[in-house]
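Encoded as structure tokens, the structure appears first; notes follow it.
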Amino acid sequence: LRSKIATIKASAIADTAYVVGTAKARVVVANMDDLDAESLKVAAEHLLTLLDDPAAIVLGSCPGDGKVSFVAAFSSKIIESGLQAGKFVGTVARLCGGGGGGRPNFAQAGGRKPEKLIDALEKARADLEASLSTCR
């Protein structure tokens, strides 16, 4: 049921994707409210299927108990441009007193400062825009 809800939420935010840079990378950075880490993963994977390559997705949530969860999913052309999801999401999570990592195309992270989630997502948005604005 949680996976289904995550897929529905992802479909609902797919149209918030915006284009960055001459490579026309599609970017989605969103607060997914209280989705747990596994549901964030499902949502990000679903968004990658909905958006054309190049696409960069960063999702965050506060699943409860003073926790913050993040996921980053990057398509192959984003990785070719030099960005790696594992390194990227770890930097974002540090703002929430946490860390994380993973593969170049997909990574998860967590933190302990839910009050910093919005700031961390804004940093993710700004960093993606800065990195992708010069990619071809």
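In the structure tokens, each chain is lettered A, B, ... as it comes, each chain's residues begin at 1, and ligands are numbered from 1 in order of appearance.
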List the neighbours of range 60-71 of chain A out to 10 Å using only C-alpha atoms; skip same-chain residues closer than 4 positions along the sequence, and give me the result as number ranges by chain. A: 29-45, 85-86, 88-90, 92-93, 96-102, 106-118, 120-121
Writer output for current selection, N, CA and C atoms, as a short mmCIF file (atom, residue, chain, number, x, y, z; two decimals), in the first residue's frame:
data_model
loop_
_atom_site.label_atom_id
_atom_site.label_comp_id
_atom_site.auth_asym_id
_atom_site.auth_seq_id
_atom_site.Cartn_x
_atom_site.Cartn_y
_atom_site.Cartn_z
N VAL A 29 12.75 18.41 -7.50
CA VAL A 29 13.19 18.43 -6.10
C VAL A 29 11.91 18.66 -5.29
N ALA A 30 11.58 17.71 -4.41
CA ALA A 30 10.29 17.82 -3.73
C ALA A 30 10.33 17.26 -2.32
N ASN A 31 9.47 17.85 -1.49
CA ASN A 31 9.20 17.36 -0.15
C ASN A 31 8.03 16.38 -0.27
N MET A 32 8.26 15.14 0.09
CA MET A 32 7.22 14.11 -0.01
C MET A 32 6.54 13.85 1.34
N ASP A 33 6.54 14.84 2.19
CA ASP A 33 5.87 14.82 3.48
C ASP A 33 6.39 13.69 4.38
N ASP A 34 5.57 12.70 4.67
CA ASP A 34 5.94 11.70 5.66
C ASP A 34 6.24 10.32 5.08
N LEU A 35 6.58 10.23 3.79
CA LEU A 35 6.91 8.94 3.20
C LEU A 35 8.15 8.34 3.87
N ASP A 36 8.14 7.04 4.09
CA ASP A 36 9.31 6.37 4.65
C ASP A 36 10.38 6.21 3.56
N ALA A 37 11.56 5.76 3.96
CA ALA A 37 12.71 5.69 3.04
C ALA A 37 12.43 4.76 1.85
N GLU A 38 11.81 3.63 2.09
CA GLU A 38 11.52 2.69 1.00
C GLU A 38 10.51 3.29 0.01
N SER A 39 9.53 4.01 0.53
CA SER A 39 8.54 4.65 -0.34
C SER A 39 9.16 5.77 -1.15
N LEU A 40 10.12 6.50 -0.55
CA LEU A 40 10.85 7.53 -1.31
C LEU A 40 11.58 6.90 -2.49
N LYS A 41 12.18 5.76 -2.25
CA LYS A 41 12.90 5.04 -3.31
C LYS A 41 11.94 4.68 -4.44
N VAL A 42 10.78 4.14 -4.09
CA VAL A 42 9.78 3.76 -5.09
C VAL A 42 9.34 4.99 -5.88
N ALA A 43 9.11 6.10 -5.19
CA ALA A 43 8.68 7.33 -5.85
C ALA A 43 9.73 7.84 -6.83
N ALA A 44 10.99 7.84 -6.41
CA ALA A 44 12.07 8.32 -7.28
C ALA A 44 12.23 7.42 -8.50
N GLU A 45 12.18 6.11 -8.29
CA GLU A 45 12.29 5.19 -9.43
C GLU A 45 11.14 5.39 -10.41
N ALA A 85 24.81 10.60 -7.79
CA ALA A 85 23.76 10.65 -6.77
C ALA A 85 24.33 10.42 -5.36
N GLY A 86 25.24 9.45 -5.22
CA GLY A 86 25.79 9.13 -3.91
C GLY A 86 26.49 10.30 -3.25
N PHE A 88 26.16 13.48 -4.16
CA PHE A 88 25.24 14.61 -4.09
C PHE A 88 24.35 14.54 -2.86
N VAL A 89 23.71 13.41 -2.65
CA VAL A 89 22.73 13.31 -1.56
C VAL A 89 23.40 13.35 -0.19
N GLY A 90 24.63 12.89 -0.09
CA GLY A 90 25.35 12.97 1.17
C GLY A 90 25.57 14.41 1.61
N VAL A 92 23.70 17.00 0.78
CA VAL A 92 22.40 17.55 1.15
C VAL A 92 22.01 17.08 2.56
N ALA A 93 22.21 15.81 2.85
CA ALA A 93 21.82 15.26 4.15
C ALA A 93 22.63 15.85 5.31
N CYS A 96 21.04 18.31 7.47
CA CYS A 96 20.07 17.80 8.44
C CYS A 96 20.74 16.93 9.49
N GLY A 97 22.04 17.10 9.65
CA GLY A 97 22.77 16.36 10.66
C GLY A 97 22.94 14.89 10.35
N GLY A 98 23.03 14.58 9.09
CA GLY A 98 23.16 13.17 8.70
C GLY A 98 24.14 12.96 7.59
N GLY A 99 23.93 11.90 6.86
CA GLY A 99 24.78 11.56 5.74
C GLY A 99 24.18 10.40 4.99
N GLY A 100 24.89 9.97 3.99
CA GLY A 100 24.40 8.85 3.19
C GLY A 100 25.25 8.69 1.96
N GLY A 101 24.79 7.85 1.09
CA GLY A 101 25.53 7.62 -0.14
C GLY A 101 24.89 6.50 -0.92
N GLY A 102 25.59 6.10 -1.96
CA GLY A 102 25.07 5.04 -2.80
C GLY A 102 25.78 5.01 -4.13
N PHE A 106 21.80 6.19 -8.11
CA PHE A 106 20.77 6.15 -7.08
C PHE A 106 21.40 6.10 -5.69
N ALA A 107 20.87 6.92 -4.77
CA ALA A 107 21.43 6.95 -3.42
C ALA A 107 20.37 7.37 -2.41
N GLN A 108 20.60 6.95 -1.17
CA GLN A 108 19.71 7.32 -0.08
C GLN A 108 20.53 7.92 1.06
N ALA A 109 19.86 8.76 1.85
CA ALA A 109 20.54 9.39 2.98
C ALA A 109 19.51 9.69 4.06
N GLY A 110 20.01 10.01 5.24
CA GLY A 110 19.13 10.35 6.33
C GLY A 110 19.75 11.39 7.22
N GLY A 111 18.93 11.90 8.13
CA GLY A 111 19.39 12.90 9.07
C GLY A 111 18.49 12.93 10.28
N ARG A 112 18.86 13.78 11.23
CA ARG A 112 18.15 13.87 12.51
C ARG A 112 17.60 15.26 12.80
N LYS A 113 17.57 16.13 11.80
CA LYS A 113 17.06 17.49 12.03
C LYS A 113 15.95 17.78 11.01
N PRO A 114 14.72 17.31 11.29
CA PRO A 114 13.64 17.51 10.33
C PRO A 114 13.33 18.98 10.06
N GLU A 115 13.65 19.83 11.02
CA GLU A 115 13.39 21.26 10.83
C GLU A 115 14.26 21.86 9.71
N LYS A 116 15.29 21.14 9.29
CA LYS A 116 16.18 21.61 8.23
C LYS A 116 15.84 21.03 6.85
N LEU A 117 14.76 20.24 6.74
CA LEU A 117 14.43 19.58 5.48
C LEU A 117 14.25 20.58 4.34
N ILE A 118 13.49 21.63 4.56
CA ILE A 118 13.22 22.60 3.49
C ILE A 118 14.52 23.27 3.04
N ALA A 120 17.51 22.01 3.21
CA ALA A 120 18.31 21.01 2.49
C ALA A 120 17.79 20.82 1.07
N LEU A 121 16.47 20.80 0.90
CA LEU A 121 15.91 20.66 -0.45
C LEU A 121 16.20 21.89 -1.30
#
Give the strand (DSSP E or B) residues of chain A, as assigned by DSSP on the backbone, as JSON, numbers by chain. {"A": [18, 19, 20, 25, 26, 27, 28, 29, 30, 31, 55, 56, 57, 58, 59, 60, 61, 62, 63, 64, 67, 68, 69, 70, 71, 72, 73, 74, 99, 100, 101, 102, 106, 107, 108, 109, 110, 111]}
Need the shell around Ala25 in chain A: protein/DNA/RNA residues with any atom at most 10 Å away, counting only C-alpha atoms. Skip same-chain ones fewer than 6 positions apart. Format as an mmCIF file with N, CA and C atoms, in the first residue's frame?
data_model
loop_
_atom_site.group_PDB
_atom_site.id
_atom_site.type_symbol
_atom_site.label_atom_id
_atom_site.label_comp_id
_atom_site.auth_asym_id
_atom_site.auth_seq_id
_atom_site.Cartn_x
_atom_site.Cartn_y
_atom_site.Cartn_z
ATOM 1 N N ALA A 17 8.356 18.970 -12.826
ATOM 2 C CA ALA A 17 9.714 18.938 -13.384
ATOM 3 C C ALA A 17 9.951 20.196 -14.209
ATOM 4 N N TYR A 18 11.114 20.768 -14.057
ATOM 5 C CA TYR A 18 11.474 21.939 -14.845
ATOM 6 C C TYR A 18 12.796 21.669 -15.542
ATOM 7 N N VAL A 19 13.044 22.420 -16.605
ATOM 8 C CA VAL A 19 14.197 22.174 -17.460
ATOM 9 C C VAL A 19 15.332 23.119 -17.082
ATOM 10 N N LEU A 51 10.059 10.607 -16.643
ATOM 11 C CA LEU A 51 10.806 11.725 -17.217
ATOM 12 C C LEU A 51 11.826 11.212 -18.225
ATOM 13 N N ASP A 52 12.016 11.968 -19.280
ATOM 14 C CA ASP A 52 13.023 11.604 -20.281
ATOM 15 C C ASP A 52 14.424 11.879 -19.751
ATOM 16 N N ASP A 53 15.396 11.135 -20.267
ATOM 17 C CA ASP A 53 16.808 11.342 -19.962
ATOM 18 C C ASP A 53 17.252 12.594 -20.728
ATOM 19 N N PRO A 54 17.895 13.553 -20.108
ATOM 20 C CA PRO A 54 18.456 13.588 -18.759
ATOM 21 C C PRO A 54 17.435 14.026 -17.699
ATOM 22 N N ALA A 55 17.493 13.381 -16.544
ATOM 23 C CA ALA A 55 16.615 13.726 -15.423
ATOM 24 C C ALA A 55 17.375 13.578 -14.108
ATOM 25 N N ALA A 56 17.104 14.509 -13.197
ATOM 26 C CA ALA A 56 17.692 14.482 -11.856
ATOM 27 C C ALA A 56 16.570 14.677 -10.842
ATOM 28 N N SER A 75 19.581 10.086 -14.037
ATOM 29 C CA SER A 75 19.605 9.296 -15.268
ATOM 30 C C SER A 75 21.034 9.217 -15.811
ATOM 31 N N LYS A 77 22.482 10.293 -18.536
ATOM 32 C CA LYS A 77 23.097 11.523 -19.069
ATOM 33 C C LYS A 77 23.516 12.483 -17.959
ATOM 34 N N ILE A 78 22.815 12.463 -16.845
ATOM 35 C CA ILE A 78 23.216 13.292 -15.696
ATOM 36 C C ILE A 78 24.550 12.779 -15.154
ATOM 37 N N LEU A 128 21.833 21.574 -7.988
ATOM 38 C CA LEU A 128 21.517 20.942 -9.272
ATOM 39 C C LEU A 128 21.483 21.973 -10.390
ATOM 40 N N GLU A 129 20.826 23.094 -10.129
ATOM 41 C CA GLU A 129 20.746 24.146 -11.148
ATOM 42 C C GLU A 129 22.129 24.660 -11.517
ATOM 43 N N LEU A 132 23.982 21.779 -13.485
ATOM 44 C CA LEU A 132 23.401 21.413 -14.772
ATOM 45 C C LEU A 132 23.258 22.580 -15.742
ATOM 46 N N SER A 133 23.401 23.803 -15.252
ATOM 47 C CA SER A 133 23.220 24.961 -16.128
ATOM 48 C C SER A 133 24.302 25.042 -17.213
ATOM 49 N N CYS A 135 25.854 22.194 -18.410
ATOM 50 C CA CYS A 135 25.983 20.888 -19.116
ATOM 51 C C CYS A 135 25.334 20.955 -20.485
ATOM 52 N N ARG A 136 25.977 20.237 -21.410
ATOM 53 C CA ARG A 136 25.438 20.163 -22.771
ATOM 54 C C ARG A 136 24.927 18.791 -23.057
#
Got a sec to tell me which of range 71-133 of chain A DSSP assigns to helix (DSSP H, G or I), as an NGL selection string? :A and (76-80 or 85-94 or 114-132)
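Computed from the coordinates, the CA of Leu48 in chain A to CA of Thr91 in chain A distance equals 21.4 Å.
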Compare A:Gly21, A:Arg103, A:Arg26, A:Leu47 by their minimum atom-to-atom distance to Lys9 in chain A, counting only C-alpha atoms, and give me the closest one. A:Leu47
Gap from CA of Val27 in chain A to CA of Ile57 in chain A - Å, one decimal: 5.9 Å
Enter the distance from CA of Thr16 in chain A to CA of Val58 in chain A, in Å, rounded to one decimal. 12.5 Å
Kindly indicate which residue among A:Glu122, A:Pro104, A:Ser81, A:Lys87 lies nearest to Ala23 in chain A, using only C-alpha atoms for the distances.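 Among the listed residues, the smallest separation from Ala23 in chain A belongs to A:Ser81.
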